[in-house]
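Student: Below you'll find the structure I mean.
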Amino acid sequence: MDPFGLIVIAVIVLLVLVIAVKTVLVVPQATASVIERLGRFRTVAEPGLSFLAPFLDRVRARVDLREQVVSFPPQPVITQDNLTVSIDTVVYFQVTDSRSAVYEISNYIIGVEQLTTTTLRNVVGGMSLEETLTSRDAINTQLRGVLDQETGRWGIRVARVELKAIDPPPSIKDSMEKQMRADREKRAMILNAEGTREAAIKTAEGQKQAAILAAEGQKQAAILSAEADRQSSILRAQGDRAGRYLQAQGQAKAVEKVFAAVKRGKPTPELLAYQYLQTLPQMAQGNANKVWVVPSDFDKALQGFARMLGASGEDGVFRYEPPKEEVPSTAPEEEEESVKAWFDTSTTPEVAEAVRAAEAVARKEVPSPGLGGSPVPAQRAGLTKSAPQAPAGPQQVGSPEQSDVESQPDRRD
């Protein structure tokens, strides 16, 4: 083939390829392309396949429709109390109108950065350092509102604005650290004082309760001890009273017996004088008796005693004659109602019931181990029990009735 014809064919093929490339446009997802025709805006190509007029249409710009995150360098900002702080900001925005983002501003990223810086200075300039450090949410909200309003005509929607860091000057940092350390030490001291106060209050409450309980226990113990002392004193006094009464009765009976024996013996004055003389050495015994004088009228005293108590016999000698003894019809404790209770030693029903139960157990037969298990009475098995004594009544040992019985033989004499 003619070389010239080959060149023409190659040119035609190349031209077709160029026209095909200029005609077909493929737009990726989440991306928009701004198309111009002869330098004038024509349309915005959506994601997918689009066709252009070759040599007439061209793509002016490709715009990313995804949300973008832009971190701006630290910006010096002066607060209301004339302190310079360095603030880093992060802006989250998204292009919603590709045509406005291309034709309304030359570079929307730089525009957002500058707008953020100026708005941040305006907002922080009306706050003190302490408010700036503690009001991040308020600053973020104000920045987002201003940026979203100003960038709306650029086809941009500001989603979020965050303050990444707020760095005060080094001297302010040192002061803040000292202040925070002082505040923490203050809170620690307050908490320690509160804990000490609560512990002291709890300890005092516990000591109070313990003292109250101890006082109550001492009170009850004192009451019981006083009651026991009172009961024991009453019982001891009653026992002493009954004992003295019985002792007095015994002494009276002894004196009666002695005098009755003396009267039955019918002693003469000579016998009395002899007995008196034998008693004199016993009367003179003792370390305190240094001198003993026998009275001169001793005989007269004996004669007067004999005449008063005796009667003259046939030989002219005075002898004692025993008087007739009167047998008491009733016991002394029966004559007085108040004395009966002193000698009442009867067994109470509860004690009698316990004694009967013990007797019933003692009378049971027990098997003998040596006789093949045959029952053995309780007396043979080593369980011999003394016969129950009848409840003691007023007719006990030492009572006036027993003394009267013992004196009956002497009365018969």
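Residues are named by chain letter and number: chains run A, B, ... in the order of the structure tokens, numbers start at 1 in each chain, and ligands are numbered from 1 in the order shown.
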Residues within 7 Å of Ile139 of chain A, please, as a list in words. Count only C-alpha atoms; anything in the same chain fewer than 4 positions from it doesn't count.
Tutor: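 The contact residues come out as Val123, Ser135 and Leu143 of chain A.
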Student: Which parts of segment 1-188 of chain A does DSSP call helix (DSSP H, G or I) when run on the backbone here, written out as a count of residues only?
Tutor: 88
Student: So the first atom is atom CA of Val27 of chain A and the second is atom CA of Leu49 of chain A; what is the distance between them in Å, to one decimal place?
Tutor: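 Atom CA of Leu49 of chain A lies at a distance of 6.4 Å from atom CA of Val27 of chain A.
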Student: Find the residue from A:Asn122, A:Ser171, A:Gln282, A:Thr116 that sits nearest to Arg144 of chain A; use only C-alpha atoms when measuring.
Tutor: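 Nearest candidate to Arg144 of chain A out of A:Asn122, A:Ser171, A:Gln282, A:Thr116: A:Thr116.
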Student: Go through A:Val70, A:Leu65, A:Ile109, A:Ile201 one by one, measure the shortest atom-to-atom distance of each to Val95 of chain A using only C-alpha atoms, and give the residue with the smallest value.
Tutor: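 Closest to Val95 of chain A of all the choices is A:Leu65.
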Student: For each of A:Ser232, A:Ser175, A:Ser100, A:Thr117, take the minimum atom-to-atom distance to Leu147 of chain A, counting only C-alpha atoms, then give the residue where this is smallest.
Tutor: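 Looking at the shortest contact to Leu147 of chain A, the residue is A:Thr117.
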Student: In Å, how far is it from atom CA of Arg42 of chain A to atom CA of Gln68 of chain A?
Tutor: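 Taking atom CA of Arg42 of chain A as the start and atom CA of Gln68 of chain A as the end point, the length is 26.5 Å.
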Student: Which one of A:Asp97, A:Glu36, A:Glu67, A:Glu359 sits closest to Phe55 of chain A if you count only C-alpha atoms?
Tutor: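 Of the candidates, the smallest distance to Phe55 of chain A is held by A:Glu36.
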